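Heads up: the structure comes next, in structure tokens.
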Amino acid sequence: MPQILLLGAGFVAGPCLDYLLRRPENNITVACRTLEKATELVGGRDRCKATSLDVKNADALLEAVSQHDLVISLIPYTYHPLVIEAAIKAQKHFVSTSYVSPTMAGYDQAAKDAGITVMNEIGVDPGIDHLYAKQIIDKVHAEGGKIDHFTSFCGGLPAPEASNNPLGYKFSWSARGVLLAAGNTARWIEDGQVKEVKSPELLTPAAVREVPIYPAFAFEGYPNRDSTPYPERYGIPEAKTVLRGTLRYKGNPAFVKALADVGFLNDDAQPFLQESSPAIAWCAVMARLLECGESEEELEAAFVKKAQLADSADRARIVAGMKWFGLFASEDVPRKSSLLDSLAEHLAIKLKYQPGERDMIMMQHKFHVTRSSGKQEIITSTMLEYGIPHGATAMARTVGIPCGMAVQLVLDGKITKKGVFAPLTPDIYEPLIQQLEAEGICCKEELALI
């Protein structure tokens with residue numbers, strides 16, 4: 001009977017756990033640094049137990065991994081190398097939803113020598129995006145065609161009726177992570193040229209573009225991290241454009257850029273935001289950042305100037321949004337060391353999903369294709385998933401379920417590849433797509449002539 005070790009009890013762990021427990025032979029140990037979190041996730045589930053585990057304790061981690069057939073790592077990606085090391089020593093398989101970092105990739109040969117599967121990037125993005133992109137690319141190539149341009153946008157968003165706030169956004173994962181991602185440098189290939197933008201230019205018209213998908217939605221997107229390895233990863237060296245991006249409702253990037261311009265993406269510790277510091281109001285923090293008085297009128301004028309909104313069509317909307325969030329008001333600031341962390345804590349409360357509200361995952365690949373006959377076409381592959389009111393979010397389902405499927409396919413001997421890898425080959429993506437579509441999770445393909 002397979003023994004599975006699940007590290008982490010976050011929001012995506014529940015759907016993963018439930019999927020694996022469909023098989024009556026599976027037994028699962030949920031391990032967290034905090035026993036209470038593991039116990040809460042386990043709840044009344046059969047064939048499932050909770051335990052406390054600190055993955056930084058190498059001996060305890062190795063002992064736990066050794067007692068199982070496979071380990072799932074749903075903890076922060078910075079700890080994955082520790083878990084992979086233990087999996088290699090214990091000769092146990094490993095699955096995660098995270099990107100393959102250079103450090104993780106460095107364990108490839110050791111994993112092969114140990115005879116174990118170390119599979120990663122099997123959530124939604126990365127994950128489901130890879131499966132459908134590679135399936136279409138490989139089919140076009142097999143038919144003698146080529147990919148001229150490839151773009152892919154994905155966003156975890158509130159459903160339209162829940163986008164009722166100035167950012168058009170709510171948090172189904174770490175607020176800190178969302179804000180940090182907005183400050184990343186991005187690289188992509190467009191019309192044969194490598195382009196790069198750094199924060200906060202990532203959120204300006206230099207990188208932000210309208211992304212039309214369905215008429216009922218107004219989307220904007222901007223590049224996500226580094227797309228330049230994907231001509232090689234996806235096997236499309238012929239592509240003149242390769243861009244993987246983040247999707248947001250229209251107006252969100254401009255608002256986040258204004259927050260960045262003021263200094264809210266600063267992750268440095270601030271003396272006045274330490275837990276031991278005296279209470280401080282948002283208006284006082286804003287006054288420090290803007291070097292002005294604390295009245296709403298002074299703060300608004302200084303904010304408009306620093307965020308360069310004087311001649312912007314977004315001025316009234318963004319100023320009203322700052323007031324909606326209480327950032328010019330006398331409400332106390334959560335003292336979390338840095339401006340980034342304090343804002344993340346504040347927004348996580350303001351932008352929390354309310355009972356019964358739905359989230360949404362929207363993803364679309366777009367391929368400009370030249371067929372062997374010379375005919376040019378556009379192929380789109382689109383996925384729209386909604387969360388279940390009072391149930392699992394779309395984000396949790398589209399991350400946790402693919403992860404659970406990959407685990408089951410490894411345990412069943414249907415994924416046998418060894419070493420460190422992502423699901424980019426037909427022997428991996430085909431069975432996963434088949435399983436996903438059986439769950440009703442799929443991309444819908446459409447074809448149009450250019």
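Just remember, in the structure tokens the first chain shown is A, the second B, etc., residues are 1-based per chain, and ligands are 1-based in the order shown.
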
Next on the checklist: If DSSP is run on the backbone, what residues of segment 23-255 of chain A are helix (DSSP H, G or I)? A reply as a ChimeraX atom specification would be ideal.
Outcome noted: /A:35-42,58-66,77-90,102-105,108-114,128-142,160-162,175-181,201-203,230-233,252-255

Next on the checklist: Need the shell around segment 186-203 of chain A: protein/DNA/RNA residues with any atom at most 8 Å away, counting only C-alpha atoms. Skip same-chain ones fewer than 6 positions apart. Format as a list of chain:residue names?
Outcome noted: A:Tyr222, A:Pro223, A:Asn224, A:Arg225, A:Asp226, A:Ser227, A:Thr228, A:Ala239, A:Lys240, A:Thr241, A:Val242, A:Leu243, A:Arg244, A:Pro253, A:Ala254, A:Val256, A:Lys257, A:Ala260, A:Asp261

Next on the checklist: Would you pick out the contacts of segment 340-347 of chain A at 8 Å or less, using only C-alpha atoms, so that residues sharing its chain but fewer than 5 positions from it are not included, and give the list as a PyMOL selection string?
Outcome noted: chain A and resi 175-176+179+264-267+273+325+333-335+352

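Atom CA of Lys56 of chain A to atom CA of Glu85 of chain A spans 11.7 Å [interatomic distance, one decimal].
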
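Closest approach to Val140 of chain A from the set A:Leu247, A:Ile236, A:Ala182, A:Leu289 is made by A:Ile236, with distances taken over only C-alpha atoms.
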
Next on the checklist: Show me, as number ranges by chain, the residues that have an atom within 9 Å of segment 38-42 of chain A when counting only C-alpha atoms, minus same-chain residues fewer than 2 positions from it.
Outcome noted: A: 8-10, 13-14, 17, 29-36, 44-46, 48-52

Convert the current residue selection to file output with C-alpha atoms, as a tab-separated table (two decimals), in the first residue's frame.
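Everything below was put into result.tsv:
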chain	number	residue	atom	x	y	z
A	8	GLY	CA	2.64	21.58	3.61
A	9	ALA	CA	-0.97	22.28	4.52
A	10	GLY	CA	-1.65	25.38	2.45
A	13	ALA	CA	-3.01	20.83	-0.39
A	14	GLY	CA	-6.69	19.96	0.18
A	17	LEU	CA	-5.05	15.22	-0.75
A	29	THR	CA	1.01	11.65	6.12
A	30	VAL	CA	0.54	15.42	6.17
A	31	ALA	CA	3.57	17.10	7.71
A	32	CYS	CA	3.90	20.75	8.74
A	33	ARG	CA	6.16	22.67	11.04
A	34	THR	CA	2.96	23.49	12.96
A	35	LEU	CA	1.08	20.36	13.98
A	36	GLU	CA	-2.20	22.28	14.28
A	44	GLY	CA	-11.73	13.45	9.56
A	45	ARG	CA	-10.18	11.95	6.44
A	46	ASP	CA	-9.48	8.22	6.55
A	48	CYS	CA	-4.52	10.15	6.60
A	49	LYS	CA	-2.53	11.35	9.61
A	50	ALA	CA	-0.87	14.56	10.73
A	51	THR	CA	2.60	15.14	12.08
A	52	SER	CA	4.95	17.98	12.95

Checklist entry - Hey, what does DSSP flag as strand (DSSP E or B) within segment 235-381 of chain A? Can you give it to me as a PyMOL selection string? => result chain A and resi 241-249+269+281+332+338+359-370+376-381

Take the residues from that selection and write them out as an mmCIF file, in the first residue's frame, keeping C-alpha atoms.
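Final output, saved to selection_6.cif:
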data_model
loop_
_atom_site.group_PDB
_atom_site.id
_atom_site.type_symbol
_atom_site.label_atom_id
_atom_site.label_comp_id
_atom_site.auth_asym_id
_atom_site.auth_seq_id
_atom_site.Cartn_x
_atom_site.Cartn_y
_atom_site.Cartn_z
ATOM 1 C CA THR A 241 7.906 35.978 -30.432
ATOM 2 C CA VAL A 242 7.871 34.021 -27.175
ATOM 3 C CA LEU A 243 6.126 35.649 -24.225
ATOM 4 C CA ARG A 244 4.603 34.164 -21.094
ATOM 5 C CA GLY A 245 2.669 36.712 -19.080
ATOM 6 C CA THR A 246 0.472 37.543 -16.103
ATOM 7 C CA LEU A 247 -3.183 38.440 -16.625
ATOM 8 C CA ARG A 248 -5.036 41.114 -14.630
ATOM 9 C CA TYR A 249 -8.258 43.054 -14.959
ATOM 10 C CA ALA A 269 13.199 46.753 7.249
ATOM 11 C CA ALA A 281 -1.262 55.339 11.237
ATOM 12 C CA ASP A 332 -3.190 51.812 12.393
ATOM 13 C CA SER A 338 8.893 46.429 5.831
ATOM 14 C CA ASP A 359 -12.256 33.016 -7.789
ATOM 15 C CA MET A 360 -11.341 32.335 -11.396
ATOM 16 C CA ILE A 361 -8.426 31.055 -13.459
ATOM 17 C CA MET A 362 -8.152 32.387 -17.005
ATOM 18 C CA MET A 363 -5.389 31.103 -19.265
ATOM 19 C CA GLN A 364 -4.871 31.412 -22.983
ATOM 20 C CA HIS A 365 -2.107 30.300 -25.344
ATOM 21 C CA LYS A 366 -2.004 31.897 -28.776
ATOM 22 C CA PHE A 367 0.050 30.378 -31.596
ATOM 23 C CA HIS A 368 0.662 32.018 -34.969
ATOM 24 C CA VAL A 369 1.365 29.012 -37.180
ATOM 25 C CA THR A 370 2.636 28.486 -40.716
ATOM 26 C CA GLN A 376 -1.079 30.747 -41.891
ATOM 27 C CA GLU A 377 -3.377 30.201 -38.921
ATOM 28 C CA ILE A 378 -3.917 31.316 -35.347
ATOM 29 C CA ILE A 379 -4.529 28.573 -32.794
ATOM 30 C CA THR A 380 -5.870 29.601 -29.393
ATOM 31 C CA SER A 381 -6.057 27.277 -26.410
#

Item to check | Close residues, Leu74 of chain A itself excluded, 12 Å, only C-alpha atoms, min 2 positions apart in chain, as a PyMOL selection string | outcome: chain A and resi 5-14+16-17+30-32+55+71-72+76-80+83+94-99+120-123+396+399-400+403-404

Item to check | Nearest candidate to Pro423 of chain A (options A:Ala394, A:Val319, A:Glu232, A:Pro402; using only C-alpha atoms) | outcome: A:Pro402

Checklist entry - Near Cys443 of chain A, within 10 Å and counting only C-alpha atoms, which residues show up once chain neighbours fewer than 5 positions away are dropped, as a VMD selection string? => result chain A and resid 128 to 129 131 to 133 363 to 365 380 to 385 433 436 to 437

Can you spit out the residues from that selection as a PDB file, in the first residue's frame, using N, CA and C atoms?
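The result, stored in again20.pdb:
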ATOM      1  N   ILE A 128      -0.390  23.071 -16.089  1.00  0.00           N
ATOM      2  CA  ILE A 128      -1.367  22.872 -17.152  1.00  0.00           C
ATOM      3  C   ILE A 128      -0.965  23.680 -18.392  1.00  0.00           C
ATOM      4  N   ASP A 129      -0.376  24.846 -18.185  1.00  0.00           N
ATOM      5  CA  ASP A 129       0.093  25.641 -19.331  1.00  0.00           C
ATOM      6  C   ASP A 129       1.088  24.859 -20.175  1.00  0.00           C
ATOM      7  N   LEU A 131       1.424  21.573 -20.443  1.00  0.00           N
ATOM      8  CA  LEU A 131       0.833  20.389 -21.064  1.00  0.00           C
ATOM      9  C   LEU A 131       0.190  20.733 -22.402  1.00  0.00           C
ATOM     10  N   TYR A 132      -0.647  21.772 -22.398  1.00  0.00           N
ATOM     11  CA  TYR A 132      -1.378  22.109 -23.614  1.00  0.00           C
ATOM     12  C   TYR A 132      -0.507  22.842 -24.629  1.00  0.00           C
ATOM     13  N   ALA A 133       0.449  23.643 -24.151  1.00  0.00           N
ATOM     14  CA  ALA A 133       1.370  24.294 -25.088  1.00  0.00           C
ATOM     15  C   ALA A 133       2.186  23.265 -25.847  1.00  0.00           C
ATOM     16  N   MET A 363      -6.669  31.349 -18.609  1.00  0.00           N
ATOM     17  CA  MET A 363      -5.389  31.103 -19.265  1.00  0.00           C
ATOM     18  C   MET A 363      -5.627  30.968 -20.764  1.00  0.00           C
ATOM     19  N   GLN A 364      -4.781  31.597 -21.534  1.00  0.00           N
ATOM     20  CA  GLN A 364      -4.871  31.412 -22.983  1.00  0.00           C
ATOM     21  C   GLN A 364      -3.481  31.397 -23.624  1.00  0.00           C
ATOM     22  N   HIS A 365      -3.252  30.356 -24.444  1.00  0.00           N
ATOM     23  CA  HIS A 365      -2.107  30.300 -25.344  1.00  0.00           C
ATOM     24  C   HIS A 365      -2.574  30.773 -26.716  1.00  0.00           C
ATOM     25  N   THR A 380      -5.758  29.183 -30.793  1.00  0.00           N
ATOM     26  CA  THR A 380      -5.870  29.601 -29.393  1.00  0.00           C
ATOM     27  C   THR A 380      -6.282  28.408 -28.554  1.00  0.00           C
ATOM     28  N   SER A 381      -5.740  28.337 -27.369  1.00  0.00           N
ATOM     29  CA  SER A 381      -6.057  27.277 -26.410  1.00  0.00           C
ATOM     30  C   SER A 381      -6.399  27.965 -25.098  1.00  0.00           C
ATOM     31  N   THR A 382      -7.662  27.887 -24.673  1.00  0.00           N
ATOM     32  CA  THR A 382      -8.168  28.718 -23.580  1.00  0.00           C
ATOM     33  C   THR A 382      -8.778  27.872 -22.467  1.00  0.00           C
ATOM     34  N   MET A 383      -8.429  28.197 -21.241  1.00  0.00           N
ATOM     35  CA  MET A 383      -9.020  27.543 -20.075  1.00  0.00           C
ATOM     36  C   MET A 383      -9.633  28.599 -19.170  1.00  0.00           C
ATOM     37  N   LEU A 384     -10.886  28.399 -18.787  1.00  0.00           N
ATOM     38  CA  LEU A 384     -11.573  29.254 -17.817  1.00  0.00           C
ATOM     39  C   LEU A 384     -12.171  28.353 -16.751  1.00  0.00           C
ATOM     40  N   GLU A 385     -11.694  28.497 -15.528  1.00  0.00           N
ATOM     41  CA  GLU A 385     -12.171  27.691 -14.404  1.00  0.00           C
ATOM     42  C   GLU A 385     -12.631  28.614 -13.282  1.00  0.00           C
ATOM     43  N   ILE A 433      -2.998  15.104 -19.444  1.00  0.00           N
ATOM     44  CA  ILE A 433      -4.124  15.752 -20.118  1.00  0.00           C
ATOM     45  C   ILE A 433      -5.347  14.842 -20.092  1.00  0.00           C
ATOM     46  N   LEU A 436      -6.795  15.064 -16.617  1.00  0.00           N
ATOM     47  CA  LEU A 436      -7.401  16.371 -16.365  1.00  0.00           C
ATOM     48  C   LEU A 436      -8.757  16.499 -17.046  1.00  0.00           C
ATOM     49  N   GLU A 437      -8.822  16.056 -18.284  1.00  0.00           N
ATOM     50  CA  GLU A 437     -10.076  16.191 -19.018  1.00  0.00           C
ATOM     51  C   GLU A 437     -11.156  15.296 -18.429  1.00  0.00           C
TER      52      GLU A 437
END

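Of the listed residues A:Cys283, A:Ala142, A:Leu449, A:Ile116, the one whose atoms come nearest to Glu300 of chain A is A:Cys283, with distances taken using only C-alpha atoms.
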
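Nearest-residue note for Gly144 of chain A: choosing from A:Arg371, A:Leu167, A:Arg47, A:Gln270, the minimum distance belongs to A:Arg371, counting only C-alpha atoms.
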
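When only C-alpha atoms are used to compute distances to Gly356 of chain A, the closest of the residues A:Ala392, A:Ala58, A:Val124, A:Ala301 turns out to be A:Ala392.
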
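Closest to Met104 of chain A among A:Ile84, A:Ala438, A:Ile137, A:Ala90 is A:Ile84, based on only C-alpha atoms.
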
Can you pull out every residue within 12 Å of Ser312 of chain A, counting only C-alpha atoms, but drop anything in the same chain fewer than 5 positions away, and send it as a short mmCIF file (atom, residue, chain, number, x, y, z; two decimals) with N, CA and C atoms, in the first residue's frame?
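File around_9.cif, as written:
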data_model
loop_
_atom_site.label_atom_id
_atom_site.label_comp_id
_atom_site.auth_asym_id
_atom_site.auth_seq_id
_atom_site.Cartn_x
_atom_site.Cartn_y
_atom_site.Cartn_z
N ALA A 254 -1.73 49.74 -13.57
CA ALA A 254 -1.49 51.16 -13.31
C ALA A 254 -1.59 51.47 -11.82
N PHE A 255 -2.54 50.82 -11.14
CA PHE A 255 -2.70 51.06 -9.70
C PHE A 255 -1.49 50.51 -8.94
N ALA A 258 1.46 52.71 -9.24
CA ALA A 258 1.40 53.88 -8.36
C ALA A 258 1.87 53.52 -6.96
N VAL A 304 -0.18 62.28 -5.99
CA VAL A 304 -0.38 62.48 -7.42
C VAL A 304 0.93 62.90 -8.09
N LYS A 305 1.68 63.74 -7.41
CA LYS A 305 2.96 64.19 -7.98
C LYS A 305 3.97 63.05 -8.03
N ALA A 307 3.54 59.78 -7.92
CA ALA A 307 3.12 58.68 -8.80
C ALA A 307 2.92 59.14 -10.24
N ARG A 317 -9.40 57.67 -10.52
CA ARG A 317 -9.67 56.29 -10.11
C ARG A 317 -8.66 55.81 -9.07
N ILE A 318 -7.38 56.09 -9.29
CA ILE A 318 -6.35 55.61 -8.38
C ILE A 318 -6.40 56.36 -7.05
N VAL A 319 -6.62 57.65 -7.08
CA VAL A 319 -6.73 58.42 -5.83
C VAL A 319 -7.92 57.92 -5.02
#

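Interatomic distance, atom CA of Ala422 of chain A to atom CA of Val100 of chain A: 7.5 Å.
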
Next on the checklist: To one decimal place in Å, what is the distance between atom CA of Gln67 of chain A and atom CA of Ala111 of chain A?
Outcome noted: 18.2 Å
